[in-house]
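Heads up, the thing below is written out as structure tokens.
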Amino acid sequence: TAMAANMPEVICNGSTPLFRIANSSEYWKVERLNITNNASNGWQTIVFINNDDPGPASVAATPDHIIFQYNWIHPAEETGTDLTTSNDDRSAENAIYLNAIDVTIQYNSIQGFVGKVRYGGDAGTRMTSAGLLMTSYAENILMQYNLVEAWTYAVFSGGSSVGDWTVTEGTTI
């Protein structure tokens, strides 16, 4: 976070997440960015890797070879200060939502996914948050040398109502 002032800042526009990496995408590298959201609109997750509707019908259609490194990923309310009752309303619950193959997430600071929900019907309640959320399909995921700060789960893997071919395997943390 000390380098944030020297990093290009990328902000979600309205309620659209950043880096919505689509089905069949390959060879993305995202690095050295201050990645955040627009606090006035809020969004549940800041970075989506494969959130197409419908989702991939096979492993071949799943995004692969994605690298996120040297980024600061945080909700707009996270400024590097201590969490208190006066700054615990947050506009984003999850940092990275991932359904992909051969992903490396390294040397990132994933901070501030803690506190209470700021928007919607759950406003004011304790949020369920994750630094890395893998709910359908993830294979060969390497997550190393990150600072991950999340209220509920630093890393969550699991889900329901997914196809028989979907499984999470080969993850190294």
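Starting from 1 in every chain, residues are counted up; chains themselves are A, B, ... following the order of the structure tokens, and ligands are numbered from 1 as listed.
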- Message: Please return, as a ChimeraX atom specification, all residues of chain A that DSSP assigns to strand (DSSP E) on the basis of the backbone.
- Response: /A:9-11,18-21,26-31,34-36,45-49,64-69,72-73,89-90,94-98,100-106,109-113,116-117,130-134,138-144,147-150,153-157,168-169
- Query: Do you know which residues are at most 9 Å from Gln44 of chain A counting only C-alpha atoms, after dropping those on the same chain fewer than 5 positions away, and could you put them as a VMD selection string?
  - Reply: chain A and resid 15 17 91 to 95
- Which distance in Å separates atom CA of Val10 of chain A and atom CA of Trp72 of chain A, to one decimal?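 Pair atom CA of Val10 of chain A / atom CA of Trp72 of chain A returns 10.2 Å.
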- Message: Would you compute the distance between atom CA of Glu26 of chain A and atom CA of Ile96 of chain A? Give it in Å to one decimal.
- Response: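 These atoms are spaced 17.2 Å apart.
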What are the closest atom pairs, with distances in Å to one decimal, for each residue of segment 85-107 of chain A lying within 6 Å of segment 142-158 of chain A, using only C-alpha atoms, rows by chain and rising residue number, as a tab-separated table?
residue	atom	partner	partner_atom	distance
A:Thr104	CA	A:Leu142	CA	4.8
A:Ile105	CA	A:Met143	CA	4.8
A:Gln106	CA	A:Gln144	CA	4.9
A:Tyr107	CA	A:Asn146	CA	4.8
- Message: List as a ChimeraX atom specification the protein and nucleic acid residues near segment 54-71 of chain A, meaning an atom at most 6 Å away when only C-alpha atoms are counted, but skip any in the same chain fewer than 2 places from it.
- Response: /A:23-34,52,100-108
- Message: Taking 2 positions as the minimum chain separation for residues in the same chain, which residues sit within 12 Å of segment 74-77 of chain A when counting only C-alpha atoms? Answer as a count of residues only.
- Response: 60
- For the atom pair atom CA of Arg126 of chain A and atom CA of Thr85 of chain A, what is the interatomic distance in Å to one decimal place?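 Between atom CA of Arg126 of chain A and atom CA of Thr85 of chain A the gap works out to 12.1 Å.
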